[in-house]
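Scroll down for the structure; my scribbles are underneath it.
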Amino acid sequence: MSGQEAVDLGFARVDVGREARQGLPEVVYGTGKTAAEIASIVRTLLRHNDGAVLVTRVDADSAVAVLADVPHGTYDPAARLLVWRPAAPVGFTVVVAAAGTADQPVAREAAAIATAVGLSVTTVTDVGVAGLHRLLAEQDRLRAADTVIVVAGMEGALASAIGGLVACPVVAVPTSTGYGAGLEGITALLAMHASCAAGITVVNIDSGFGAAMAAFRLSRVALRSAP
């Protein structure tokens with residue numbers, strides 16, 4: 001691990017000291033960057049850090065170009081995620097619960113990123129509150145998790161329902177799925193913030209990445225305090 005804090009590439013100042021501060025190298029947001037820019041940043045992170053290197057929101061064509069330049073990585077097209085040096089499991093369990101099939105792209109991003117940084121992930125799909133029996137059938141699995149990530153659009157009610165069933169931290173991800181009054185995720189976002197299930201953490205609309213990072217931070221504290 002490098003002792004430097006940042007490396008200036010001209011078009012980007014790569015935060016190579018983040019792993020020392022937070023336990024994980026800087027994660028690269030791929031949208032808006034060229035394949036050459038992504039590859040240069042990835043090479044810098046691999047050279048100056050020891051842990052997993054991730055690039056989010058990468059389309060398939062860009063992924064092929066980056067991997068040709070920086071080999072030994074893997075690409076998950078469903079999650080739109082590039083990964084080098086994925087972390088070994090650290091013994092912290094996460095359930096990603098998706099309300100509907102339309103929420104799957106965000107759920108897959110959350111699950112893939114959480115797995116890449118060393119969390120043990122199980123995914124539960126299509127358990128939205130329109131068919132509450134589907135959720136109740138999974139409550140034992142949800143209660144056994146160290147953290148639950150809830151991915152839901154429409155009115156976002158799944159976060160409140162799961163928040164009332166489990167004792168562990170709940171990280172809620174509003175998605176932009178839904179009809180007109182869903183306001184592209186704003187309704188779910190506000191509903192999750194206004195939840196009567198106390199203590200829910202809410203991240204940005206469609207941000208499976210944000211939810212996975214919240215779970216990662218929780219794991220760092222939990223494992224540090226474990227006997």
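Here, A, B, ... name the chains of the structure tokens in the order displayed, residue numbers run from 1 inside each chain, and ligands are numbered from 1 in the same displayed order.
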I need the helix (DSSP H, G or I) residues of stretch 16-216 of chain A per DSSP on the backbone, written as a CSV table (one decimal) with C-alpha atoms, in the first residue's frame.
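Contents of states.csv, as written:
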chain,number,residue,atom,x,y,z
A,18,ARG,CA,-8.4,6.1,0.6
A,19,GLU,CA,-7.7,2.4,1.3
A,20,ALA,CA,-5.6,3.4,4.3
A,21,ARG,CA,-8.3,5.7,5.6
A,22,GLN,CA,-11.4,3.7,4.9
A,35,ALA,CA,-12.1,3.6,-21.7
A,36,ALA,CA,-8.5,5.0,-21.8
A,37,GLU,CA,-9.2,7.2,-18.8
A,38,ILE,CA,-10.8,4.4,-16.9
A,39,ALA,CA,-7.8,2.1,-17.7
A,40,SER,CA,-5.3,4.7,-16.5
A,41,ILE,CA,-7.1,5.2,-13.2
A,42,VAL,CA,-7.4,1.5,-12.6
A,43,ARG,CA,-3.7,0.9,-13.3
A,44,THR,CA,-2.9,3.7,-10.7
A,45,LEU,CA,-5.2,2.2,-8.1
A,46,LEU,CA,-3.8,-1.3,-8.6
A,47,ARG,CA,-0.2,0.0,-8.3
A,48,HIS,CA,-0.8,2.0,-5.2
A,60,ALA,CA,-20.2,-3.6,-22.3
A,61,ASP,CA,-18.2,-2.0,-25.1
A,62,SER,CA,-16.2,0.2,-22.6
A,63,ALA,CA,-15.6,-2.9,-20.4
A,64,VAL,CA,-14.1,-4.9,-23.3
A,65,ALA,CA,-11.7,-2.0,-24.1
A,66,VAL,CA,-10.7,-1.5,-20.5
A,67,LEU,CA,-10.0,-5.2,-19.9
A,68,ALA,CA,-7.9,-5.4,-23.1
A,69,ASP,CA,-5.8,-2.6,-21.6
A,101,THR,CA,-38.4,-7.7,-11.2
A,102,ALA,CA,-38.1,-4.1,-12.5
A,103,ASP,CA,-35.8,-3.3,-9.5
A,104,GLN,CA,-33.4,-6.0,-10.4
A,105,PRO,CA,-30.7,-3.9,-12.2
A,106,VAL,CA,-30.2,-1.8,-9.0
A,107,ALA,CA,-30.4,-4.9,-6.8
A,108,ARG,CA,-27.7,-6.6,-9.0
A,109,GLU,CA,-25.4,-3.6,-8.7
A,110,ALA,CA,-25.8,-3.6,-4.9
A,111,ALA,CA,-25.2,-7.4,-4.6
A,112,ALA,CA,-22.2,-7.5,-7.0
A,113,ILE,CA,-20.4,-4.6,-5.3
A,114,ALA,CA,-21.1,-5.9,-1.8
A,115,THR,CA,-19.7,-9.3,-2.9
A,116,ALA,CA,-16.6,-7.7,-4.5
A,129,VAL,CA,-45.8,-5.5,-0.6
A,130,ALA,CA,-48.5,-6.0,-3.2
A,131,GLY,CA,-48.1,-9.7,-2.3
A,132,LEU,CA,-47.2,-9.5,1.3
A,133,HIS,CA,-47.2,-13.3,1.7
A,134,ARG,CA,-44.1,-13.4,-0.5
A,135,LEU,CA,-42.2,-11.2,2.0
A,136,LEU,CA,-43.4,-13.1,5.1
A,139,GLN,CA,-38.6,-13.3,7.1
A,140,ASP,CA,-36.3,-16.0,8.7
A,141,ARG,CA,-33.7,-15.4,6.0
A,142,LEU,CA,-34.0,-11.6,6.5
A,143,ARG,CA,-33.8,-11.8,10.3
A,157,ALA,CA,-43.2,0.6,1.1
A,158,LEU,CA,-41.0,-2.5,1.2
A,159,ALA,CA,-38.4,-0.6,3.3
A,160,SER,CA,-40.9,0.1,6.1
A,161,ALA,CA,-42.3,-3.5,6.0
A,162,ILE,CA,-38.8,-5.0,6.3
A,163,GLY,CA,-37.8,-2.4,8.8
A,180,GLY,CA,-46.3,9.1,-13.3
A,181,ALA,CA,-46.9,9.9,-9.6
A,182,GLY,CA,-43.7,7.9,-8.7
A,183,LEU,CA,-41.8,10.9,-10.1
A,184,GLU,CA,-38.9,8.7,-11.2
A,185,GLY,CA,-38.1,7.6,-7.7
A,186,ILE,CA,-38.8,10.8,-5.8
A,187,THR,CA,-42.0,9.3,-4.2
A,188,ALA,CA,-40.1,6.2,-3.0
A,189,LEU,CA,-37.2,8.3,-1.7
A,190,LEU,CA,-39.5,10.6,0.4
A,191,ALA,CA,-41.6,7.6,1.6
A,192,MET,CA,-38.4,5.8,2.8
A,193,HIS,CA,-37.2,9.0,4.5
A,208,GLY,CA,-27.1,0.1,-5.5
A,209,PHE,CA,-23.5,1.4,-5.1
A,210,GLY,CA,-24.4,3.7,-2.2
A,211,ALA,CA,-26.2,0.8,-0.4
A,212,ALA,CA,-23.3,-1.6,-0.8
A,213,MET,CA,-20.9,1.0,0.5
A,214,ALA,CA,-23.2,1.6,3.5
A,215,ALA,CA,-23.2,-2.1,4.2
A,216,PHE,CA,-19.4,-2.2,3.9
Open item on the list: Based on the backbone DSSP call, show me all residues of chain A assigned strand (DSSP E), as a PyMOL selection string.
Closed with: chain A and resi 7-8+13-14+28-29+53-56+74-76+81-84+93-98+120-124+147-152+170-174+201-202
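Picture a line from atom CA of A:Ser120 to atom CA of A:Phe92; it runs 6.0 Å.
If only C-alpha atoms are the atoms counted, then among A:Thr93, A:Thr34, A:Thr122, A:Ser195 the closest residue to A:Ala145 is A:Thr93.
The two atoms in question, atom CA of A:Gly153 and atom CA of A:Ser219, are spaced 25.9 Å apart.
Checking A:Val170, A:Ala78, A:Ala87, A:Ile149 one by one against A:Ala198, counting only C-alpha atoms, you find the shortest gap at A:Val170.
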TODO: Would you please work out which residue, of A:Tyr179, A:Glu138, A:Gly118, A:Val55, is nearest to A:Arg217 when using only C-alpha atoms?
DONE: A:Gly118
TODO: Mind checking which residues fall within 8 Å of A:Thr74, counting only C-alpha atoms, ignoring those fewer than 5 positions away in the same chain, and posting them as number ranges by chain?
DONE: A: 67, 82-84
Could the residues in this selection be saved with all heavy atoms as a tab-separated table (two decimals), in the first residue's frame?
chain	number	residue	atom	x	y	z
A	67	LEU	N	-10.64	-3.95	-20.28
A	67	LEU	CA	-10.03	-5.24	-19.94
A	67	LEU	C	-8.92	-5.61	-20.92
A	67	LEU	O	-7.98	-6.32	-20.55
A	67	LEU	CB	-11.10	-6.33	-19.91
A	67	LEU	CG	-12.06	-6.26	-18.72
A	67	LEU	CD1	-13.19	-7.26	-18.89
A	67	LEU	CD2	-11.32	-6.51	-17.41
A	82	LEU	N	-16.98	-3.57	-13.27
A	82	LEU	CA	-15.65	-4.14	-13.48
A	82	LEU	C	-14.98	-4.34	-12.13
A	82	LEU	O	-15.05	-3.44	-11.27
A	82	LEU	CB	-14.80	-3.22	-14.33
A	82	LEU	CG	-15.02	-3.22	-15.85
A	82	LEU	CD1	-14.36	-2.00	-16.48
A	82	LEU	CD2	-14.46	-4.50	-16.47
A	83	VAL	N	-14.28	-5.47	-11.96
A	83	VAL	CA	-13.63	-5.77	-10.68
A	83	VAL	C	-12.26	-6.38	-10.92
A	83	VAL	O	-12.12	-7.29	-11.75
A	83	VAL	CB	-14.47	-6.75	-9.83
A	83	VAL	CG1	-13.76	-7.04	-8.50
A	83	VAL	CG2	-15.87	-6.21	-9.58
A	84	TRP	N	-11.28	-5.89	-10.20
A	84	TRP	CA	-9.95	-6.52	-10.09
A	84	TRP	C	-9.71	-6.83	-8.63
A	84	TRP	O	-10.06	-6.06	-7.74
A	84	TRP	CB	-8.85	-5.56	-10.58
A	84	TRP	CG	-8.83	-5.34	-12.06
A	84	TRP	CD1	-8.02	-5.94	-12.98
A	84	TRP	CD2	-9.64	-4.42	-12.80
A	84	TRP	NE1	-8.28	-5.46	-14.24
A	84	TRP	CE2	-9.28	-4.52	-14.16
A	84	TRP	CE3	-10.66	-3.52	-12.43
A	84	TRP	CZ2	-9.89	-3.77	-15.15
A	84	TRP	CZ3	-11.27	-2.77	-13.42
A	84	TRP	CH2	-10.88	-2.89	-14.77
Open item on the list: Could you check the closest approach to A:Thr147 for each of A:Thr201, A:Ser207, A:Gln4, A:Thr177 and tell me which residue wins, using only C-alpha atoms?
Closed with: A:Thr201
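Separating atom CA of A:Arg80 from atom CA of A:Val95 is a distance of 19.9 Å.
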